[in-house]
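Novice: Structure file coords-v3.cif (mmCIF, C-alpha atoms) right here:
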data_model
loop_
_atom_site.label_atom_id
_atom_site.label_comp_id
_atom_site.auth_asym_id
_atom_site.auth_seq_id
_atom_site.Cartn_x
_atom_site.Cartn_y
_atom_site.Cartn_z
CA ALA U 1 -88.88 -27.70 -50.75
CA THR U 2 -92.31 -26.15 -50.52
CA SER U 3 -95.56 -28.06 -50.36
CA THR U 4 -96.31 -26.97 -53.95
CA ASP U 5 -92.98 -28.29 -55.25
CA PRO U 6 -93.67 -31.31 -57.52
CA ALA U 7 -90.55 -33.16 -56.28
CA ALA U 8 -91.65 -32.67 -52.66
CA ALA U 9 -95.16 -33.87 -53.49
CA GLN U 10 -93.73 -36.97 -55.19
CA PHE U 11 -91.52 -37.64 -52.17
CA ARG U 12 -94.53 -37.42 -49.83
CA ARG U 13 -96.51 -39.86 -52.00
CA GLU U 14 -93.62 -42.33 -52.03
CA ALA U 15 -93.02 -41.94 -48.28
CA LYS U 16 -96.69 -42.73 -47.66
CA ARG U 17 -96.32 -45.94 -49.71
CA ILE U 18 -93.19 -46.89 -47.76
CA THR U 19 -95.17 -46.65 -44.53
CA THR U 20 -97.24 -49.63 -45.72
CA LEU U 21 -94.14 -51.83 -45.78
CA MET U 22 -94.10 -54.38 -42.98
CA HIS U 23 -90.84 -56.29 -42.70
CA GLY U 24 -89.06 -57.64 -39.63
CA ASN U 25 -85.81 -55.88 -40.52
CA LEU U 26 -87.35 -52.43 -40.94
CA PRO U 27 -88.79 -50.42 -38.05
CA ARG U 28 -92.57 -50.28 -38.31
CA VAL U 29 -93.86 -46.83 -39.25
CA ARG U 30 -96.80 -45.92 -37.03
CA GLU U 31 -97.67 -42.49 -38.31
CA MET U 32 -96.63 -39.92 -40.89
CA LEU U 33 -97.32 -36.28 -40.09
CA THR U 34 -96.85 -33.10 -42.07
CA ARG U 35 -95.93 -29.93 -40.23
CA GLY U 36 -95.45 -27.08 -42.68
CA ASP U 37 -92.85 -28.33 -45.18
CA ASP U 38 -91.54 -30.98 -42.78
CA LEU U 39 -92.44 -34.64 -42.99
CA ILE U 40 -92.34 -36.32 -39.58
CA ILE U 41 -92.16 -40.10 -39.38
CA VAL U 42 -93.16 -41.79 -36.12
CA GLY U 43 -91.98 -45.37 -35.75
CA THR U 44 -92.10 -48.16 -33.24
CA TYR U 45 -89.46 -47.94 -30.52
CA VAL U 46 -86.91 -50.76 -30.68
CA ASP U 47 -84.47 -51.21 -27.82
CA GLY U 48 -80.94 -51.85 -29.01
CA GLU U 49 -77.65 -50.32 -30.14
CA LYS U 50 -76.43 -49.06 -33.47
CA LEU U 51 -74.00 -51.36 -35.24
CA SER U 52 -71.47 -48.50 -35.30
CA GLU U 53 -71.33 -48.73 -31.49
CA LEU U 54 -71.03 -52.53 -31.42
CA SER U 55 -69.02 -53.55 -34.48
CA ARG U 56 -65.68 -53.91 -32.71
CA GLN U 57 -67.29 -55.99 -29.95
CA LEU U 58 -69.23 -58.42 -32.12
CA PRO U 59 -67.76 -61.71 -33.29
CA LEU U 60 -67.67 -62.19 -37.05
CA GLU U 61 -70.59 -64.65 -36.97
CA ALA U 62 -72.83 -62.08 -35.26
CA THR U 63 -71.80 -59.35 -37.70
CA LEU U 64 -72.63 -61.64 -40.62
CA ARG U 65 -76.09 -62.26 -39.10
CA VAL U 66 -76.60 -58.49 -38.87
CA LEU U 67 -75.61 -58.06 -42.53
CA ILE U 68 -78.05 -60.80 -43.57
CA ASP U 69 -80.79 -58.86 -41.77
CA VAL U 70 -79.75 -55.68 -43.60
CA LEU U 71 -79.91 -57.54 -46.93
CA GLY U 72 -83.42 -58.71 -46.03
CA ALA U 73 -84.48 -55.14 -45.29
CA LEU U 74 -83.00 -53.92 -48.56
CA GLY U 75 -84.72 -56.68 -50.51
CA ALA U 76 -88.07 -55.60 -49.07
CA LEU U 77 -87.35 -51.93 -49.68
CA HIS U 78 -86.12 -52.41 -53.25
CA GLY U 79 -89.06 -54.65 -54.14
CA LEU U 80 -91.85 -52.52 -52.66
CA SER U 81 -94.80 -52.28 -55.04
CA ASP U 82 -98.55 -52.63 -55.11
CA ASN U 83 -101.16 -53.68 -57.65
CA GLN U 84 -102.01 -50.15 -58.78
CA ARG U 85 -98.54 -48.67 -59.32
CA PRO U 86 -95.13 -49.77 -60.59
CA PRO U 87 -92.35 -50.63 -58.09
CA LEU U 88 -90.89 -47.60 -56.36
CA LYS U 89 -87.30 -48.71 -57.00
CA ILE U 90 -86.32 -47.20 -53.68
CA VAL U 91 -82.66 -46.67 -52.95
CA HIS U 92 -81.82 -46.21 -49.27
CA GLY U 93 -78.64 -44.40 -50.26
CA GLU U 94 -76.97 -44.34 -46.86
CA VAL U 95 -76.58 -47.90 -45.62
CA SER U 96 -73.91 -47.83 -42.94
CA PRO U 97 -73.31 -49.14 -39.41
CA SER U 98 -74.78 -45.89 -38.04
CA ASN U 99 -78.09 -46.71 -39.77
CA VAL U 100 -78.35 -50.29 -38.53
CA LEU U 101 -79.98 -50.96 -35.17
CA VAL U 102 -79.12 -54.25 -33.51
CA GLY U 103 -82.13 -54.97 -31.33
CA LEU U 104 -81.99 -56.63 -27.95
CA ASP U 105 -84.42 -59.15 -29.48
CA GLY U 106 -81.60 -60.37 -31.76
CA THR U 107 -83.04 -58.83 -34.93
CA SER U 108 -81.28 -56.03 -36.77
CA ARG U 109 -83.21 -53.25 -38.47
CA LEU U 110 -82.24 -50.80 -41.20
CA LEU U 111 -83.04 -47.26 -40.07
CA ARG U 112 -84.09 -44.25 -42.14
CA ALA U 113 -85.72 -46.14 -44.99
CA VAL U 114 -88.08 -43.20 -45.51
CA GLY U 115 -85.77 -40.30 -44.65
CA ARG U 116 -83.06 -41.08 -47.16
CA ARG U 117 -85.42 -40.60 -50.10
CA VAL U 118 -85.38 -36.82 -49.77
CA PRO U 119 -84.16 -35.39 -53.08
CA GLY U 120 -80.76 -33.77 -52.62
CA ALA U 121 -80.34 -34.98 -49.03
CA ARG U 122 -76.79 -34.57 -47.78
CA ILE U 123 -74.83 -37.66 -46.84
CA ASP U 124 -73.98 -37.86 -43.14
CA PRO U 125 -70.17 -37.69 -42.86
CA VAL U 126 -70.26 -40.73 -40.52
CA SER U 127 -71.73 -42.78 -43.38
CA ALA U 128 -69.62 -41.38 -46.24
CA ARG U 129 -67.10 -44.22 -46.52
CA TYR U 130 -69.94 -46.73 -47.00
CA VAL U 131 -71.83 -44.81 -49.69
CA ALA U 132 -71.40 -45.68 -53.37
CA PRO U 133 -69.23 -43.20 -55.30
CA GLU U 134 -72.05 -42.15 -57.65
CA LEU U 135 -74.15 -41.03 -54.68
CA LEU U 136 -71.22 -39.24 -53.05
CA GLU U 137 -70.77 -37.27 -56.26
CA GLY U 138 -74.40 -36.15 -56.14
CA GLY U 139 -75.69 -38.54 -58.79
CA THR U 140 -78.50 -41.01 -58.64
CA GLY U 141 -78.14 -44.69 -57.96
CA ASP U 142 -80.13 -47.87 -57.99
CA ALA U 143 -80.23 -50.92 -55.73
CA ARG U 144 -76.58 -51.63 -56.57
CA ALA U 145 -75.58 -48.54 -54.57
CA ASP U 146 -77.07 -50.14 -51.45
CA TRP U 147 -75.43 -53.51 -52.21
CA TYR U 148 -72.12 -51.65 -52.52
CA SER U 149 -72.60 -50.29 -48.99
CA VAL U 150 -73.25 -53.77 -47.59
CA GLY U 151 -70.15 -54.98 -49.43
CA VAL U 152 -68.05 -52.31 -47.72
CA MET U 153 -69.46 -53.34 -44.35
CA LEU U 154 -68.68 -57.00 -45.12
CA TRP U 155 -65.13 -56.17 -46.20
CA GLU U 156 -64.56 -54.27 -42.96
CA ALA U 157 -66.00 -57.14 -40.89
CA LEU U 158 -63.69 -59.64 -42.58
CA SER U 159 -60.53 -57.50 -42.63
CA GLY U 160 -60.99 -55.59 -39.38
CA LYS U 161 -59.92 -52.40 -41.17
CA PRO U 162 -61.84 -49.52 -42.77
CA VAL U 163 -61.98 -49.53 -46.56
CA LEU U 164 -61.17 -45.82 -46.76
CA SER U 165 -59.26 -44.72 -43.70
CA ASP U 166 -58.72 -41.20 -45.09
CA LEU U 167 -62.43 -40.40 -44.52
CA ASP U 168 -62.19 -40.93 -40.76
#
Represent the supplied structure as structure tokens.
Specialist:
Amino acid sequence: ATSTDPAAAQFRREAKRITTLMHGNLPRVREMLTRGDDLIIVGTYVDGEKLSELSRQLPLEATLRVLIDVLGALGALHGLSDNQRPPLKIVHGEVSPSNVLVGLDGTSRLLRAVGRRVPGARIDPVSARYVAPELLEGGTGDARADWYSVGVMLWEALSGKPVLSDLD
């Protein structure tokens, strides 16, 4: 998308509003830069591991704590608004263990809250089995698409098996 593209301009405005969001379960955005048609997001470094690397090692109680943190992040993201404009109704669209960072401080953070808003962004194959069907088919979704993803992660934590093993 070019810098004169209305959809790209809208995305940049929304990304700038997302950078104002301060929540313990979202990495803090420090700076947003534009280089040509690219939007570069600089965030605070958090030491930890992605849930996708830890999930088989974590006890169920710890995984449930991580999912509660993810739900907190999604609540903040879905409810982002200010006094001058209506709520953004942001959909992360790719909630999966590969987008959850379990910090050494014991707090989990949902990654890519800004990056997933790109119109027409492709779904990472690693995340595909967690993404709501309407998003996989190229459609739009609402907050329920993100709740679906958390539900898949919960099901896998409880059962110990992937929901859709044919996508591995």
Novice: May I ask for the distance between atom CA of Leu54 of chain U and atom CA of Ala143 of chain U, given in Å to one decimal place?
Specialist: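 Separation between atom CA of Leu54 of chain U and atom CA of Ala143 of chain U: 26.0 Å.
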Novice: Translate the PyMOL selection byres ((chain U and resi 128) around 12), as applied to the file shown, into an explicit residue set as a VMD selection string.
Specialist: chain U and resid 93 to 99 122 to 127 129 to 137 149 152 162 to 168
Novice: When distances are computed from all atoms listed in the file, which of U:Gly72, U:Ala113, U:Asp146, U:Leu58 shows the smallest separation from Pro27 of chain U?
Specialist: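 Of the candidates, the smallest distance to Pro27 of chain U is held by U:Ala113.
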Novice: Extract, using only C-alpha atoms, all DNA, RNA and protein residues at most 12 Å from Leu33 of chain U, discarding same-chain residues fewer than 3 positions from it, and format them as a VMD selection string.
Specialist: chain U and resid 12 15 to 16 19 29 to 30 36 to 43
Novice: If I take atom CA of Gly79 of chain U and atom CA of Ser108 of chain U, how far is one from the other in Å, to one decimal?
Specialist: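 Result for atom CA of Gly79 of chain U versus atom CA of Ser108 of chain U: 19.1 Å, one decimal.
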Novice: Just the number, please: distance in Å from atom CA of Val100 of chain U to atom CA of Leu51 of chain U, one decimal.
Specialist: 5.6 Å
Novice: Have a look at U:Asp105, U:Asp142, U:Asp5, U:Glu156 and name the one nearest to Glu49 of chain U; count all atoms listed in the file.
Specialist: U:Asp105
Novice: I would like the residues chosen by the PyMOL selection byres ((chain U and resi 74) around 10) on the shown file; could you give them as a PyMOL selection string?
Specialist: chain U and resi 25-26+68-73+75-80+90-92+95+110+113+143+146-147+150
Novice: For the residues in that selection, give me C-alpha atoms as a PDB file, in the frame of the given file.
Specialist:
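Output saved as result.pdb:
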ATOM      1  CA  ASN U  25     -85.810 -55.880 -40.520  1.00  0.00           C
ATOM      2  CA  LEU U  26     -87.350 -52.430 -40.940  1.00  0.00           C
ATOM      3  CA  ILE U  68     -78.050 -60.800 -43.570  1.00  0.00           C
ATOM      4  CA  ASP U  69     -80.790 -58.860 -41.770  1.00  0.00           C
ATOM      5  CA  VAL U  70     -79.750 -55.680 -43.600  1.00  0.00           C
ATOM      6  CA  LEU U  71     -79.910 -57.540 -46.930  1.00  0.00           C
ATOM      7  CA  GLY U  72     -83.420 -58.710 -46.030  1.00  0.00           C
ATOM      8  CA  ALA U  73     -84.480 -55.140 -45.290  1.00  0.00           C
ATOM      9  CA  GLY U  75     -84.720 -56.680 -50.510  1.00  0.00           C
ATOM     10  CA  ALA U  76     -88.070 -55.600 -49.070  1.00  0.00           C
ATOM     11  CA  LEU U  77     -87.350 -51.930 -49.680  1.00  0.00           C
ATOM     12  CA  HIS U  78     -86.120 -52.410 -53.250  1.00  0.00           C
ATOM     13  CA  GLY U  79     -89.060 -54.650 -54.140  1.00  0.00           C
ATOM     14  CA  LEU U  80     -91.850 -52.520 -52.660  1.00  0.00           C
ATOM     15  CA  ILE U  90     -86.320 -47.200 -53.680  1.00  0.00           C
ATOM     16  CA  VAL U  91     -82.660 -46.670 -52.950  1.00  0.00           C
ATOM     17  CA  HIS U  92     -81.820 -46.210 -49.270  1.00  0.00           C
ATOM     18  CA  VAL U  95     -76.580 -47.900 -45.620  1.00  0.00           C
ATOM     19  CA  LEU U 110     -82.240 -50.800 -41.200  1.00  0.00           C
ATOM     20  CA  ALA U 113     -85.720 -46.140 -44.990  1.00  0.00           C
ATOM     21  CA  ALA U 143     -80.230 -50.920 -55.730  1.00  0.00           C
ATOM     22  CA  ASP U 146     -77.070 -50.140 -51.450  1.00  0.00           C
ATOM     23  CA  TRP U 147     -75.430 -53.510 -52.210  1.00  0.00           C
ATOM     24  CA  VAL U 150     -73.250 -53.770 -47.590  1.00  0.00           C
TER      25      VAL U 150
END
Novice: With 5 Å of padding per side, what axis-aligned box (centre and edge lengths, Å, one decimal) covers all the listed atoms of segment 83-97 of chain U? Give it as lines of an AutoDock Vina configuration file.
Specialist:
center_x = -87.7
center_y = -49.0
center_z = -50.0
size_x = 38.7
size_y = 19.3
size_z = 31.2
Novice: U:Pro87, U:Gly106, U:Gly139, U:Pro59: which is nearest Ala157 of chain U, counting only C-alpha atoms?
Specialist: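 The answer is U:Pro59, which sits nearest to Ala157 of chain U.
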Novice: Compare U:Gln84, U:Ala121, U:Lys89, U:Leu158 by their minimum atom-to-atom distance to Arg144 of chain U, counting only C-alpha atoms, and give me the closest one.
Specialist: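 Ranked by minimum distance to Arg144 of chain U, first place goes to U:Lys89.
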Novice: If I only have part of segment 61-72 of chain U, can you fill in all heavy atoms and write it as a CSV table (one decimal), in the coordinates of the input?
Specialist:
chain,number,residue,atom,x,y,z
U,61,GLU,N,-69.3,-63.9,-36.7
U,61,GLU,CA,-70.6,-64.6,-37.0
U,61,GLU,C,-71.8,-63.8,-36.7
U,61,GLU,O,-72.8,-63.8,-37.4
U,61,GLU,CB,-70.7,-65.9,-36.1
U,61,GLU,CG,-69.6,-67.0,-36.5
U,61,GLU,CD,-68.3,-66.7,-35.8
U,61,GLU,OE1,-68.2,-65.8,-35.0
U,61,GLU,OE2,-67.3,-67.4,-36.1
U,62,ALA,N,-71.7,-63.0,-35.6
U,62,ALA,CA,-72.8,-62.1,-35.3
U,62,ALA,C,-72.9,-60.9,-36.3
U,62,ALA,O,-74.0,-60.6,-36.7
U,62,ALA,CB,-72.6,-61.5,-33.9
U,63,THR,N,-71.8,-60.4,-36.7
U,63,THR,CA,-71.8,-59.4,-37.7
U,63,THR,C,-72.4,-59.8,-39.0
U,63,THR,O,-73.2,-59.1,-39.7
U,63,THR,CB,-70.4,-58.8,-37.9
U,63,THR,OG1,-69.9,-58.3,-36.7
U,63,THR,CG2,-70.4,-57.7,-38.9
U,64,LEU,N,-72.1,-61.1,-39.4
U,64,LEU,CA,-72.6,-61.6,-40.6
U,64,LEU,C,-74.1,-61.8,-40.5
U,64,LEU,O,-74.9,-61.5,-41.4
U,64,LEU,CB,-72.0,-63.0,-40.9
U,64,LEU,CG,-70.5,-62.9,-41.3
U,64,LEU,CD1,-70.0,-64.3,-41.5
U,64,LEU,CD2,-70.2,-62.1,-42.5
U,65,ARG,N,-74.6,-62.2,-39.3
U,65,ARG,CA,-76.1,-62.3,-39.1
U,65,ARG,C,-76.8,-60.9,-39.3
U,65,ARG,O,-77.8,-60.8,-39.9
U,65,ARG,CB,-76.3,-62.8,-37.7
U,65,ARG,CG,-77.8,-63.0,-37.3
U,65,ARG,CD,-78.5,-64.0,-38.1
U,65,ARG,NE,-79.5,-63.4,-38.9
U,65,ARG,CZ,-80.1,-63.9,-39.9
U,65,ARG,NH1,-79.9,-65.2,-40.3
U,65,ARG,NH2,-81.0,-63.3,-40.6
U,66,VAL,N,-76.1,-59.9,-38.7
U,66,VAL,CA,-76.6,-58.5,-38.9
U,66,VAL,C,-76.7,-58.1,-40.3
U,66,VAL,O,-77.7,-57.5,-40.8
U,66,VAL,CB,-75.7,-57.5,-38.1
U,66,VAL,CG1,-76.1,-56.1,-38.4
U,66,VAL,CG2,-75.8,-57.7,-36.6
U,67,LEU,N,-75.6,-58.4,-41.1
U,67,LEU,CA,-75.6,-58.1,-42.5
U,67,LEU,C,-76.7,-58.8,-43.3
U,67,LEU,O,-77.3,-58.3,-44.2
U,67,LEU,CB,-74.2,-58.3,-43.1
U,67,LEU,CG,-73.1,-57.4,-42.6
U,67,LEU,CD1,-71.8,-57.7,-43.2
U,67,LEU,CD2,-73.5,-55.9,-42.7
U,68,ILE,N,-77.0,-60.0,-42.9
U,68,ILE,CA,-78.0,-60.8,-43.6
U,68,ILE,C,-79.4,-60.1,-43.3
U,68,ILE,O,-80.2,-60.0,-44.2
U,68,ILE,CB,-78.1,-62.3,-43.1
U,68,ILE,CG1,-76.9,-63.0,-43.7
U,68,ILE,CG2,-79.4,-63.0,-43.5
U,68,ILE,CD1,-76.6,-64.4,-43.2
U,69,ASP,N,-79.6,-59.6,-42.1
U,69,ASP,CA,-80.8,-58.9,-41.8
U,69,ASP,C,-80.9,-57.6,-42.6
U,69,ASP,O,-82.0,-57.2,-43.1
U,69,ASP,CB,-80.8,-58.5,-40.3
U,69,ASP,CG,-81.2,-59.7,-39.4
U,69,ASP,OD1,-81.5,-60.8,-39.9
U,69,ASP,OD2,-81.1,-59.5,-38.1
U,70,VAL,N,-79.8,-56.9,-42.8
U,70,VAL,CA,-79.8,-55.7,-43.6
U,70,VAL,C,-80.1,-56.0,-45.1
U,70,VAL,O,-80.9,-55.3,-45.7
U,70,VAL,CB,-78.4,-55.0,-43.5
U,70,VAL,CG1,-78.3,-53.9,-44.6
U,70,VAL,CG2,-78.1,-54.4,-42.1
U,71,LEU,N,-79.6,-57.1,-45.6
U,71,LEU,CA,-79.9,-57.5,-46.9
U,71,LEU,C,-81.4,-57.9,-47.1
U,71,LEU,O,-82.0,-57.5,-48.1
U,71,LEU,CB,-79.1,-58.7,-47.3
U,71,LEU,CG,-77.6,-58.5,-47.5
U,71,LEU,CD1,-76.8,-59.8,-47.7
U,71,LEU,CD2,-77.4,-57.5,-48.7
U,72,GLY,N,-82.0,-58.5,-46.0
U,72,GLY,CA,-83.4,-58.7,-46.0
U,72,GLY,C,-84.2,-57.4,-46.1
U,72,GLY,O,-85.2,-57.3,-46.8
